[in-house]
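Below: one structure, written as C-alpha cells.
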Amino acid sequence: MHNTTALLIELGAIILALGLLGRFAGRVGFSPIPLYLLAGLAFGHGGILPLQASEEFVATGAEIGVILLLLMLGLEYSASSLVTTLKTQYPSGAVDFVLNAAPGAIAALLLGWGPVAAVALAGVTWISSSGVIAKVLGDLGRTGNRETPVILGVLVMEDLAMAVYLPILTALLAGVSLAGGSVTLLISLGTVGAVLYIALRHGRIVSRAVSSDNAEMLLLVVLGLTLLVAGVAQHLQVSAAVGAFLVGIALSEEVAEGAHGLLSPLRDLFAAVFFVFFGLHTDPADIPPVLLPALALAVVTMLTKIATGWWAARRAGIPSKGRWRTGGTLVARGEFSIVIAGLAVGTEPRIGPLATAYVLILVVLGPLTARWTEPLASRLTRRSPDKPQNTTPVDQSEPVHAGG
C-alpha cells in the first residue's frame, strides 16, 4: 500500500509539473522539450528531488512515448508521398547526412569513445526535430511558404533513414557480429519494403480492417496494433520505433486523420514522460564537463544544417531569402536525438550528458535561427563590398506565401 501511495504521489507531481511547464512554454512561444529535460534532471539521481517508487513506471511510459512519437510521424505521410520524396529528395538527404552526421562521428572519435559511440553520436547530430520544426513553421506562419515543401522533404528523408539507421545502431550496441548485423539490416529493409508495397497496393484493405465509426474502438485497435507490431519488431531486433513508424505509413488518409486526433493527447503525455525519463538517467553533475564540447558541436552542426537547407532550397529553385529560411529552420534537434542517445547510453554512458546539453542548446537556438537567419544573411549580403550600398535587394519583394 505504501509503495502504491508513493507511486501515485510521484506520478501526480511529475504530470502536474509537466503540465505547468508546458503551459509556460506555450505562453512564451517556446518548445517545452528543454523544460522537460530539465525536469528530468531535477527528479533524477543527483537531482533536487530524486524519484524512487515511480521510476519503473516512468521507464515503461517512456518506451510508449517513443512508439507514439514514431506512430504519429508515420501517420503524417502516405506511402505514395514517401516514394515521391525518395525519388526527388535523395540528393538533399545525402548532403544532409554527410554534413551533419560527420561532425558527431568525428567528435566521438576525438573524445576517444570508439566507433560504436561514433555511430550513435552521428545520429544525434544528424537528425532535426520534426516536432519542434513543425511548431516553429506554424508559429511563424510559414506553412504556405515556397520553401516549406523543401524543409518537409529533408525531414521525410531523415525519417525514412531512421528505418535503416536504428536497426544498425541497435545491432552494434548489442555487440552483434557482422553477419548478424547484416541479417538485421536485411530484415529491416525487407520489412520497410513489404510495408510500403502493402500500403501502396492494399492500403485501403488495411485501413478498412482498422477503421471504425466508434472513436473508442478506433483508438483501441490502432494503439493495440501499434504496440503489437512494435513489440514484434523489437523481438526481431528491427527497433520498436521503426515498427510504429511503419504502422503509421500503412494506414490511409481517412483512418490516419481520425487516429491522429485521438492519439495526439496520448502522444504529448508519453513523449513528455520520455524526455523526463532521459533526464532522470543523466546526473546533472556530469553536464558541466561536457558543456564546452556540446557547445562546440552545436555551433558546428548549426552551420552545417543551415548549409544543408540552403543547398536543398537552391536545388529546388527557391530564391535567396527562402534558402536562408530553409537552413535556419532545420537547425533544431530534439526527440530523435534523445531517442538515439537513450539507446546508446547503456553502452557509452558519456553520450547521455553530452546529448542532453547538445539538445538543450539547439532546441533553444532552433526557433531563433528560424526567425533570424534570413534577416541576418540579407543584412550581411547588403553590406557586401562587391554590391552597391544603395541597391535594394532583388528578393526584398519576394512573396511570403506560395502563390501570394
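Note on naming: chains are A, B, ... as they come in the C-alpha cells, residues start from 1 per chain, ligands start from 1 in the order shown.
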
Q) Leaving out Leu292 of chain A and any residue of its chain fewer than 2 positions from it, which residues lie within 12 Å of it when counting only C-alpha atoms, given as a list of chain:residue names? A) A:Ile287, A:Pro288, A:Pro289, A:Val290, A:Ala294, A:Leu295, A:Ala296, A:Leu297, A:Ala298, A:Val299, A:Pro353, A:Leu354, A:Ala357, A:Tyr358, A:Ile361

Q.
So that I can check the surroundings of Val242 of chain A, please list as a count of residues only every protein, DNA and RNA residue that reaches within 8 Å of it, counting only C-alpha atoms and ignoring chain neighbours fewer than 3 positions away.
A. 10

Q | Distance query Pro375 of chain A at most 12 Å, only C-alpha atoms, self and fewer than 4 positions along chain excluded, as a ChimeraX atom specification | A | /A:320-325,328,368-371,379-382,393,395-396

Same residues, C-alpha atoms, output as an mmCIF file, in the first residue's frame:
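Generated output (part.cif):
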```cif
data_model
loop_
_atom_site.group_PDB
_atom_site.id
_atom_site.type_symbol
_atom_site.label_atom_id
_atom_site.label_comp_id
_atom_site.auth_asym_id
_atom_site.auth_seq_id
_atom_site.Cartn_x
_atom_site.Cartn_y
_atom_site.Cartn_z
ATOM 1 C CA SER A 320 17.836 33.566 -51.773
ATOM 2 C CA LYS A 321 15.639 34.548 -48.824
ATOM 3 C CA GLY A 322 13.837 31.203 -48.887
ATOM 4 C CA ARG A 323 17.170 29.354 -48.938
ATOM 5 C CA TRP A 324 18.293 31.047 -45.724
ATOM 6 C CA ARG A 325 14.913 30.461 -44.099
ATOM 7 C CA GLY A 328 17.682 28.310 -40.279
ATOM 8 C CA LEU A 368 15.907 31.770 -33.069
ATOM 9 C CA THR A 369 17.794 30.683 -36.197
ATOM 10 C CA ALA A 370 14.490 30.002 -37.957
ATOM 11 C CA ARG A 371 13.460 33.583 -37.313
ATOM 12 C CA ARG A 379 21.863 42.391 -43.986
ATOM 13 C CA LEU A 380 25.322 40.907 -44.439
ATOM 14 C CA THR A 381 24.740 40.478 -48.183
ATOM 15 C CA ARG A 382 23.535 44.067 -48.441
ATOM 16 C CA PRO A 393 17.955 43.501 -52.811
ATOM 17 C CA ASP A 395 14.470 39.326 -53.014
ATOM 18 C CA GLN A 396 13.023 42.183 -50.963
#
```

Wanna dump the segment 214-318 of chain A-segment 17-38 of chain A contacts at 8 Å for me, each residue with its shortest atom pair and the distance in Å to one decimal, counting only C-alpha atoms, ordered by chain and number, as CSV?
```
residue,atom,partner,partner_atom,distance
A:Ala272,CA,A:Tyr36,CA,6.4
A:Phe275,CA,A:Leu37,CA,5.5
A:Val276,CA,A:Leu37,CA,5.4
A:Phe278,CA,A:Leu37,CA,7.1
A:Gly279,CA,A:Leu37,CA,5.0
```

Using the selection just defined, write its residues with C-alpha atoms as an mmCIF file, in the first residue's frame.
```
data_model
loop_
_atom_site.group_PDB
_atom_site.id
_atom_site.type_symbol
_atom_site.label_atom_id
_atom_site.label_comp_id
_atom_site.auth_asym_id
_atom_site.auth_seq_id
_atom_site.Cartn_x
_atom_site.Cartn_y
_atom_site.Cartn_z
ATOM 1 C CA ALA A 272 6.825 14.395 -22.191
ATOM 2 C CA PHE A 275 12.029 13.404 -22.091
ATOM 3 C CA VAL A 276 11.723 13.366 -18.305
ATOM 4 C CA PHE A 278 16.016 10.632 -20.278
ATOM 5 C CA GLY A 279 16.769 13.462 -17.872
#
```

Q: Write out as a PyMOL selection string all residues of segment 58-189 of chain A that DSSP puts in alpha helix (DSSP H) for this structure's backbone.
A: chain A and resi 58-75+79-110+115-126+130-139+148-173+178-189

Export of prior selection with C-alpha atoms as a short mmCIF file (atom, residue, chain, number, x, y, z; two decimals), in the first residue's frame:
```cif
data_model
loop_
_atom_site.label_atom_id
_atom_site.label_comp_id
_atom_site.auth_asym_id
_atom_site.auth_seq_id
_atom_site.Cartn_x
_atom_site.Cartn_y
_atom_site.Cartn_z
CA VAL A 58 8.18 6.13 -15.95
CA ALA A 59 10.55 3.85 -17.89
CA THR A 60 7.58 1.96 -19.39
CA GLY A 61 5.84 5.26 -20.17
CA ALA A 62 9.00 6.48 -21.89
CA GLU A 63 9.03 3.43 -24.20
CA ILE A 64 5.40 4.07 -25.11
CA GLY A 65 6.31 7.72 -25.71
CA VAL A 66 8.91 6.81 -28.33
CA ILE A 67 6.48 4.42 -30.02
CA LEU A 68 3.72 7.05 -30.18
CA LEU A 69 6.13 9.72 -31.48
CA LEU A 70 7.06 7.48 -34.40
CA LEU A 71 3.48 6.32 -35.00
CA MET A 72 2.26 9.92 -35.26
CA LEU A 73 5.14 10.71 -37.58
CA GLY A 74 4.14 7.82 -39.83
CA LEU A 75 0.52 8.98 -39.86
CA ALA A 79 3.19 5.62 -48.93
CA SER A 80 2.87 7.39 -52.29
CA SER A 81 4.20 10.67 -50.88
CA LEU A 82 7.16 8.83 -49.37
CA VAL A 83 8.01 7.19 -52.70
CA THR A 84 7.78 10.57 -54.44
CA THR A 85 10.02 12.13 -51.81
CA LEU A 86 12.58 9.37 -52.21
CA LYS A 87 12.72 9.99 -55.96
CA THR A 88 13.08 13.76 -55.74
CA GLN A 89 14.85 14.48 -52.45
CA TYR A 90 17.52 11.79 -52.16
CA PRO A 91 20.39 14.17 -53.15
CA SER A 92 19.35 16.56 -50.37
CA GLY A 93 19.16 13.63 -47.97
CA ALA A 94 22.68 12.55 -48.91
CA VAL A 95 24.08 16.07 -48.38
CA ASP A 96 22.22 16.28 -45.06
CA PHE A 97 23.76 13.01 -43.90
CA VAL A 98 27.34 13.89 -44.90
CA LEU A 99 27.34 17.41 -43.48
CA ASN A 100 25.55 16.67 -40.19
CA ALA A 101 26.43 13.09 -39.24
CA ALA A 102 30.16 13.58 -39.80
CA PRO A 103 30.67 16.17 -37.00
CA GLY A 104 29.11 13.85 -34.42
CA ALA A 105 31.17 10.85 -35.53
CA ILE A 106 34.38 12.88 -35.58
CA ALA A 107 33.66 14.36 -32.14
CA ALA A 108 33.12 10.90 -30.61
CA LEU A 109 36.37 9.61 -32.08
CA LEU A 110 38.30 12.69 -30.89
CA PRO A 115 33.41 3.50 -33.31
CA VAL A 116 30.06 2.37 -31.86
CA ALA A 117 29.68 5.61 -29.92
CA ALA A 118 30.70 7.47 -33.09
CA VAL A 119 27.79 5.89 -34.98
CA ALA A 120 25.42 6.87 -32.16
CA LEU A 121 26.65 10.47 -31.84
CA ALA A 122 26.50 10.83 -35.62
CA GLY A 123 22.78 10.11 -35.41
CA VAL A 124 22.34 12.60 -32.55
CA THR A 125 23.82 15.43 -34.62
CA TRP A 126 22.26 14.34 -37.92
CA SER A 130 10.28 17.28 -36.77
CA GLY A 131 8.13 18.25 -33.77
CA VAL A 132 9.96 21.48 -32.96
CA ILE A 133 10.26 22.48 -36.63
CA ALA A 134 6.55 21.86 -37.30
CA LYS A 135 5.69 24.08 -34.33
CA VAL A 136 8.09 26.80 -35.49
CA LEU A 137 6.65 26.80 -39.01
CA GLY A 138 3.16 27.20 -37.57
CA ASP A 139 4.17 29.91 -35.11
CA THR A 148 8.29 24.65 -46.76
CA PRO A 149 8.00 21.57 -49.05
CA VAL A 150 11.80 21.51 -49.22
CA ILE A 151 12.02 21.56 -45.41
CA LEU A 152 9.46 18.77 -45.15
CA GLY A 153 11.30 16.81 -47.85
CA VAL A 154 14.54 16.86 -45.85
CA LEU A 155 12.67 15.82 -42.69
CA VAL A 156 10.94 12.94 -44.51
CA MET A 157 14.29 11.71 -45.83
CA GLU A 158 15.64 11.72 -42.29
CA ASP A 159 12.59 9.86 -41.02
CA LEU A 160 12.98 7.20 -43.70
CA ALA A 161 16.69 6.91 -43.00
CA MET A 162 15.81 6.05 -39.40
CA ALA A 163 14.23 2.82 -40.64
CA VAL A 164 17.73 1.74 -41.71
CA TYR A 165 19.87 3.55 -39.15
CA LEU A 166 18.10 2.41 -35.95
CA PRO A 167 18.40 -1.34 -36.66
CA ILE A 168 22.10 -0.90 -37.49
CA LEU A 169 22.69 1.06 -34.29
CA THR A 170 20.71 -1.45 -32.22
CA ALA A 171 22.76 -4.32 -33.62
CA LEU A 172 26.06 -2.51 -32.96
CA LEU A 173 25.05 -1.65 -29.39
CA LEU A 178 28.90 -8.53 -38.87
CA ALA A 179 26.83 -11.44 -40.16
CA GLY A 180 24.17 -10.88 -37.52
CA GLY A 181 24.10 -7.18 -38.23
CA SER A 182 23.70 -7.84 -41.95
CA VAL A 183 20.76 -10.13 -41.25
CA THR A 184 19.16 -7.47 -39.04
CA LEU A 185 19.59 -4.86 -41.76
CA LEU A 186 18.13 -7.18 -44.40
CA ILE A 187 15.14 -7.88 -42.15
CA SER A 188 14.66 -4.16 -41.64
CA LEU A 189 14.89 -3.29 -45.33
#
```

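Between atom CA of Met302 of chain A and atom CA of Leu365 of chain A the interatomic distance comes to 8.7 Å.
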